[in-house]
Amino acid sequence: MKKFSSHSTLFMLLLSPALVYGAYGQPIVPYRTGAYVYEPRFERNWLSTWSVTAYGGGTKKGYQVKDALGAIVNPSDDDDNKKTNVLNIYGWQNIELLGTNIVGNPVGNAFNAGLVVLDQSQYPGTANIQYSGKFSYAEADFYFAQNFKKGFFVDLTVPVIHLKIHDVTYSNVSTGILTLIDAGAFADVLAGINPDGSGIALLAEYGILNAGDWSHTGAGDIQFNLGWTMNNEDFDCIDFFDTTIRVGVSIPSGFKYDTDQVFSMPSGYNGHVGIPINFDAAVGFCDWVTLGAHVGGIFFVNKTQMTRMKTSAAQNGQIKLGLGEAKSDMGNIFDAGAYLKADHCFKGLSLEVGYLYAKQSRTNLTAVDTITFPTEIINTDSMLESWSFQSINAAIDYDFAKEGRRFNPFIGIFYSQPVAGRGVYRTMSGGGTLGVNVAWDF
């Protein structure tokens, strides 16, 4: 962040890149690997900032999850055995053992009868399908920050999010030999979980599971932070050194995972209260070069809620017939990044490139009904394994600060490219920011 002697323009020249790279309330989640690198906030009494950041992206690919031993759950459709379709990152959907210890009345319908036949098959491990589809999202983050005195400030982010899974299909990846009886049962079970939804009535006793297209629009998790920032220019060898610390709360205002929709996902942290802690630092050289770094984490409060759970350790995939209450010990998230910036290299124009790494620890469940859902079984679910990603991010922004002017607008665009990961979507994201800084104290 470039320093100037005039305090009437200094505040504006420092802030806009941090906002171009997104507000602090943006969740770090598996479907969006385009999180951003953050910069310290400028230390100016009573400075206000308003902005809106609009962005989106999509993908057909994801990085496969690994089990507790570090092995890929099922072979992928990619040559390097790392990337696969977004709906296959947790491995193949096992059909043969789908009804183990949970199947309803076998004479009730053909779906239940087929589950029983497959569960008793003399050729175990043969009946599997592989889903595929596309993912897209759009989001708008409304951001407000207010400085007080001595470097203290607060900020608030209110996101609105649209998520969509579409063009869902499945293919038969069964291995080995199925008898004629097994094959008939296999077909009966597939009729119940067809992506077109034609067989969902057969699953009424398990909840109305729909394994087809899904979309939802609503609020995301609101984030509120209390922060302290310091800008220090009293150096001979460098231009400045800036630091910012934020501690806040992530309010579970977003929509949650829908237990009746197989491919649904939450807009935030699925009803969990989060405690985010972030530290940002930047150092400037040569009047226009800035190097920065970010380290952060989100710590979650346990929550008991309805969720889908495995009823056999050998089951795999996103479809689970078991539904019950469970305490979720959600894995904490750690993220770190760095960036290089050409600050105001031409008038108000700044260019920035950054790197970000994020990882969530494994999530663990404890069911209320441990007879139906033993702890040692439900926690073998590949969907509970840790995930991680790495992304390269770039931004261009321009501020319109004028000396002595109270209202100072800024604009910017950014792009994020995932380059590696595990258990996440390979979502390429881009968007822009429009905002204004207001100096109340001249």
# chains A, B, ... in the order shown; residues from 1 in each chain; ligands from 1
call {"tool": "select_by_dssp", "arguments": {"residues": "range 337-424 of chain A", "states": "strand (DSSP E)", "output": "MDAnalysis selection string"}}
result
chainID A and resid 337:346 349:360 364:367 387:399 407:422 424
call {"tool": "write_last_selection", "arguments": {"atoms": "C-alpha atoms", "output": "short mmCIF file (atom, residue, chain, number, x, y, z; two decimals), in the first residue's frame"}}
result
data_model
loop_
_atom_site.label_atom_id
_atom_site.label_comp_id
_atom_site.auth_asym_id
_atom_site.auth_seq_id
_atom_site.Cartn_x
_atom_site.Cartn_y
_atom_site.Cartn_z
CA GLY A 337 -1.76 -16.44 1.60
CA ALA A 338 0.69 -13.96 0.15
CA TYR A 339 0.57 -11.32 -2.56
CA LEU A 340 2.72 -8.98 -4.64
CA LYS A 341 1.29 -5.66 -5.66
CA ALA A 342 2.24 -2.84 -8.01
CA ASP A 343 0.56 -0.04 -6.06
CA HIS A 344 -0.63 2.97 -8.04
CA CYS A 345 1.79 2.17 -10.83
CA PHE A 346 -0.11 4.55 -13.13
CA LEU A 349 -4.23 2.00 -11.14
CA SER A 350 -2.95 -0.94 -9.06
CA LEU A 351 -2.14 -4.52 -10.12
CA GLU A 352 -1.98 -7.49 -7.78
CA VAL A 353 -1.29 -11.21 -7.88
CA GLY A 354 -1.63 -13.54 -4.91
CA TYR A 355 -1.66 -17.12 -3.68
CA LEU A 356 -3.98 -18.67 -1.11
CA TYR A 357 -4.04 -22.03 0.68
CA ALA A 358 -6.96 -23.23 2.79
CA LYS A 359 -7.69 -26.45 4.63
CA GLN A 360 -10.52 -27.73 6.78
CA ASN A 364 -16.98 -35.86 13.17
CA LEU A 365 -20.56 -36.84 13.97
CA THR A 366 -22.17 -38.29 17.07
CA ALA A 367 -25.74 -39.46 16.48
CA TRP A 387 -10.47 -30.87 2.32
CA SER A 388 -7.94 -28.36 1.03
CA PHE A 389 -7.25 -26.14 -1.94
CA GLN A 390 -4.68 -23.80 -3.44
CA SER A 391 -5.51 -20.91 -5.76
CA ILE A 392 -3.78 -18.15 -7.69
CA ASN A 393 -5.62 -14.82 -7.63
CA ALA A 394 -5.19 -11.64 -9.65
CA ALA A 395 -6.80 -8.20 -9.39
CA ILE A 396 -6.84 -4.82 -11.10
CA ASP A 397 -8.31 -1.82 -9.33
CA TYR A 398 -8.55 1.91 -9.76
CA ASP A 399 -9.35 4.58 -7.20
CA PHE A 407 -16.44 10.95 -0.94
CA ASN A 408 -13.94 8.83 -2.93
CA PRO A 409 -15.15 5.99 -5.16
CA PHE A 410 -13.17 2.96 -6.32
CA ILE A 411 -13.68 0.06 -8.73
CA GLY A 412 -11.90 -3.21 -9.42
CA ILE A 413 -12.03 -6.61 -11.07
CA PHE A 414 -10.50 -9.92 -9.98
CA TYR A 415 -10.08 -13.54 -11.04
CA SER A 416 -9.26 -16.69 -9.07
CA GLN A 417 -7.88 -19.92 -10.53
CA PRO A 418 -7.67 -23.10 -8.42
CA VAL A 419 -4.43 -24.99 -9.03
CA ALA A 420 -4.60 -27.92 -6.61
CA GLY A 421 -6.90 -29.40 -4.03
CA ARG A 422 -8.55 -32.34 -2.32
CA VAL A 424 -13.27 -29.53 -3.37
#
call {"tool": "residues_around", "arguments": {"residues": "range 234-237 of chain A", "least_positions_apart": "3", "cutoff": "9 Å", "atoms": "only C-alpha atoms", "output": "list of chain:residue names"}}
result
A:Phe240, A:Phe241, A:Phe285
call {"tool": "atom_distance", "arguments": {"atom1": "CA of Gly331 in chain A", "atom2": "CA of Arg246 in chain A"}}
result
20.6 Å
call {"tool": "residues_around", "arguments": {"residues": "Lys60 in chain A", "least_positions_apart": "2", "cutoff": "8 Å", "atoms": "only C-alpha atoms", "output": "list in words"}}
result
Gly58, Gly62, Asn85, Val86, Gly133, Lys134, Phe135 and Arg426 of chain A
call {"tool": "select_by_dssp", "arguments": {"residues": "range 150-374 of chain A", "states": "alpha helix (DSSP H)", "output": "PyMOL selection string"}}
result
chain A and resi 180-192
call {"tool": "residues_around", "arguments": {"residues": "range 255-266 of chain A", "least_positions_apart": "3", "cutoff": "6 Å", "atoms": "only C-alpha atoms", "output": "list of chain:residue names"}}
result
A:Ile208, A:Leu209, A:Asn210, A:Ala211, A:Asn270
call {"tool": "write_last_selection", "arguments": {"atoms": "C-alpha atoms", "output": "tab-separated table (two decimals), in the first residue's frame"}}
result
chain	number	residue	atom	x	y	z
A	208	ILE	CA	-38.18	-37.59	-0.19
A	209	LEU	CA	-34.68	-37.93	-1.64
A	210	ASN	CA	-34.16	-36.24	-4.99
A	211	ALA	CA	-30.91	-37.10	-6.78
A	270	ASN	CA	-24.51	-25.26	7.51
call {"tool": "residues_around", "arguments": {"residues": "Ala219 in chain A", "least_positions_apart": "3", "cutoff": "8 Å", "atoms": "only C-alpha atoms", "output": "JSON, numbers by chain"}}
result
{"A": [158, 159, 160, 161, 253, 254, 255, 267]}
call {"tool": "closest_residue", "arguments": {"among": "A:Ile102, A:Ile371, A:Leu202, A:Val65", "to": "Leu323 in chain A", "atoms": "only C-alpha atoms"}}
result
A:Ile102
call {"tool": "atom_distance", "arguments": {"atom1": "CA of Tyr170 in chain A", "atom2": "CA of Gln130 in chain A"}}
result
5.4 Å
call {"tool": "closest_residue", "arguments": {"among": "A:Ala336, A:Leu156, A:Val29, A:Met330", "to": "Ala281 in chain A", "atoms": "only C-alpha atoms"}}
result
A:Ala336
call {"tool": "residues_around", "arguments": {"residues": "Phe224 in chain A", "least_positions_apart": "5", "cutoff": "10 Å", "atoms": "only C-alpha atoms", "output": "PyMOL selection string"}}
result
chain A and resi 24-25+144-145+154-158+246-251+275-276
call {"tool": "write_last_selection", "arguments": {"atoms": "N, CA and C atoms", "output": "short mmCIF file (atom, residue, chain, number, x, y, z; two decimals), in the first residue's frame"}}
result
data_model
loop_
_atom_site.label_atom_id
_atom_site.label_comp_id
_atom_site.auth_asym_id
_atom_site.auth_seq_id
_atom_site.Cartn_x
_atom_site.Cartn_y
_atom_site.Cartn_z
N TYR A 24 -14.70 -9.59 4.10
CA TYR A 24 -14.21 -10.59 5.04
C TYR A 24 -15.26 -11.62 5.42
N GLY A 25 -16.51 -11.42 5.05
CA GLY A 25 -17.53 -12.38 5.40
C GLY A 25 -17.64 -13.53 4.42
N PHE A 144 -19.66 -3.19 4.79
CA PHE A 144 -19.56 -1.90 5.46
C PHE A 144 -18.47 -1.98 6.51
N ALA A 145 -17.63 -0.95 6.58
CA ALA A 145 -16.59 -0.87 7.62
C ALA A 145 -16.56 0.54 8.18
N VAL A 154 -14.81 -1.66 13.03
CA VAL A 154 -15.71 -2.81 12.89
C VAL A 154 -16.04 -2.95 11.41
N ASP A 155 -16.34 -4.18 10.98
CA ASP A 155 -16.85 -4.36 9.62
C ASP A 155 -17.93 -5.44 9.61
N LEU A 156 -18.76 -5.36 8.60
CA LEU A 156 -19.92 -6.24 8.46
C LEU A 156 -20.08 -6.63 7.01
N THR A 157 -20.31 -7.92 6.76
CA THR A 157 -20.55 -8.42 5.40
C THR A 157 -21.86 -9.20 5.36
N VAL A 158 -22.71 -8.85 4.41
CA VAL A 158 -23.99 -9.54 4.21
C VAL A 158 -23.99 -10.10 2.79
N ARG A 246 -8.19 -9.05 13.02
CA ARG A 246 -9.65 -9.09 13.09
C ARG A 246 -10.10 -10.31 13.88
N VAL A 247 -11.08 -10.12 14.74
CA VAL A 247 -11.74 -11.21 15.46
C VAL A 247 -13.23 -10.97 15.35
N GLY A 248 -13.99 -12.00 15.01
CA GLY A 248 -15.40 -11.76 14.81
C GLY A 248 -16.27 -12.96 15.05
N VAL A 249 -17.45 -12.92 14.45
CA VAL A 249 -18.40 -14.02 14.55
C VAL A 249 -19.05 -14.20 13.18
N SER A 250 -19.15 -15.45 12.76
CA SER A 250 -19.87 -15.81 11.55
C SER A 250 -21.25 -16.29 11.97
N ILE A 251 -22.26 -15.51 11.63
CA ILE A 251 -23.64 -15.79 12.07
C ILE A 251 -24.29 -16.74 11.08
N ILE A 275 -16.13 -18.61 14.66
CA ILE A 275 -15.34 -17.54 15.24
C ILE A 275 -14.11 -17.34 14.36
N PRO A 276 -14.15 -16.35 13.45
CA PRO A 276 -13.00 -16.11 12.57
C PRO A 276 -11.95 -15.22 13.24
#
call {"tool": "closest_residue", "arguments": {"among": "A:Gly431, A:Arg44, A:Ala191, A:Ile245", "to": "Gly296 in chain A", "atoms": "only C-alpha atoms"}}
result
A:Ile245
call {"tool": "residues_around", "arguments": {"residues": "Asn88 in chain A", "least_positions_apart": "6", "cutoff": "9 Å", "atoms": "only C-alpha atoms", "output": "PDB file with C-alpha atoms, in the first residue's frame"}}
result
ATOM      1  CA  LYS A  61     -14.445 -30.756 -12.369  1.00  0.00           C
ATOM      2  CA  GLY A  62     -13.410 -31.285  -8.772  1.00  0.00           C
ATOM      3  CA  GLN A  64     -11.155 -36.104  -5.315  1.00  0.00           C
ATOM      4  CA  ASN A  74     -12.514 -44.675  -6.111  1.00  0.00           C
ATOM      5  CA  SER A  76     -11.365 -41.030 -11.175  1.00  0.00           C
ATOM      6  CA  GLN A 130     -21.132 -42.664 -10.974  1.00  0.00           C
ATOM      7  CA  TYR A 131     -23.012 -39.369 -11.027  1.00  0.00           C
ATOM      8  CA  SER A 132     -21.926 -36.380 -13.091  1.00  0.00           C
ATOM      9  CA  GLY A 317     -21.443 -41.889  -1.956  1.00  0.00           C
ATOM     10  CA  GLN A 318     -23.671 -38.881  -1.413  1.00  0.00           C
TER      11      GLN A 318
END
call {"tool": "closest_residue", "arguments": {"among": "A:Ala113, A:Asp141, A:Ala401, A:Leu118", "to": "Ala54 in chain A", "atoms": "only C-alpha atoms"}}
result
A:Asp141
call {"tool": "atom_distance", "arguments": {"atom1": "CA of Thr49 in chain A", "atom2": "CA of Pro30 in chain A"}}
result
29.2 Å
call {"tool": "decode", "arguments": {"residues": "range 326-347 of chain A", "atoms": "N, CA and C atoms", "output": "compact mmCIF listing (two decimals), in the first residue's frame"}}
result
# COMPACT_ATOMS: atom_id res chain seq x y z
N ALA A 326 -27.85 -35.61 14.84
CA ALA A 326 -26.47 -35.88 15.21
C ALA A 326 -25.77 -34.58 15.59
N LYS A 327 -24.86 -34.68 16.56
CA LYS A 327 -24.01 -33.54 16.90
C LYS A 327 -22.86 -33.51 15.92
N SER A 328 -22.69 -32.36 15.29
CA SER A 328 -21.63 -32.19 14.30
C SER A 328 -20.49 -31.40 14.91
N ASP A 329 -19.32 -32.04 15.02
CA ASP A 329 -18.09 -31.36 15.44
C ASP A 329 -17.37 -30.96 14.17
N MET A 330 -17.74 -29.79 13.67
CA MET A 330 -17.25 -29.36 12.36
C MET A 330 -15.78 -29.01 12.42
N GLY A 331 -15.01 -29.50 11.45
CA GLY A 331 -13.58 -29.25 11.41
C GLY A 331 -13.26 -27.77 11.24
N ASN A 332 -12.27 -27.29 11.97
CA ASN A 332 -11.86 -25.89 11.86
C ASN A 332 -11.14 -25.65 10.54
N ILE A 333 -11.14 -24.41 10.09
CA ILE A 333 -10.54 -24.03 8.82
C ILE A 333 -9.32 -23.14 9.06
N PHE A 334 -8.25 -23.43 8.35
CA PHE A 334 -7.04 -22.62 8.39
C PHE A 334 -6.75 -22.12 6.98
N ASP A 335 -6.36 -20.85 6.84
CA ASP A 335 -5.99 -20.35 5.53
C ASP A 335 -4.81 -19.40 5.64
N ALA A 336 -3.99 -19.36 4.61
CA ALA A 336 -2.81 -18.50 4.58
C ALA A 336 -2.53 -18.11 3.14
N GLY A 337 -2.03 -16.90 2.95
CA GLY A 337 -1.76 -16.44 1.60
C GLY A 337 -0.70 -15.36 1.56
N ALA A 338 -0.29 -15.01 0.36
CA ALA A 338 0.69 -13.96 0.15
C ALA A 338 0.39 -13.27 -1.17
N TYR A 339 0.83 -12.04 -1.32
CA TYR A 339 0.57 -11.32 -2.56
C TYR A 339 1.69 -10.34 -2.87
N LEU A 340 1.79 -9.99 -4.14
CA LEU A 340 2.72 -8.98 -4.64
C LEU A 340 1.89 -7.96 -5.41
N LYS A 341 2.14 -6.70 -5.10
CA LYS A 341 1.29 -5.66 -5.66
C LYS A 341 2.11 -4.51 -6.23
N ALA A 342 1.72 -4.08 -7.43
CA ALA A 342 2.24 -2.84 -8.01
C ALA A 342 1.23 -1.75 -7.68
N ASP A 343 1.53 -0.97 -6.65
CA ASP A 343 0.56 -0.04 -6.06
C ASP A 343 0.61 1.32 -6.74
N HIS A 344 -0.51 1.69 -7.34
CA HIS A 344 -0.63 2.97 -8.04
C HIS A 344 0.53 3.16 -9.02
N CYS A 345 0.70 2.15 -9.86
CA CYS A 345 1.79 2.17 -10.83
C CYS A 345 1.52 3.16 -11.96
N PHE A 346 0.24 3.50 -12.18
CA PHE A 346 -0.11 4.55 -13.13
C PHE A 346 -1.33 5.28 -12.60
N LYS A 347 -1.10 6.47 -12.05
CA LYS A 347 -2.16 7.26 -11.41
C LYS A 347 -2.85 6.39 -10.34
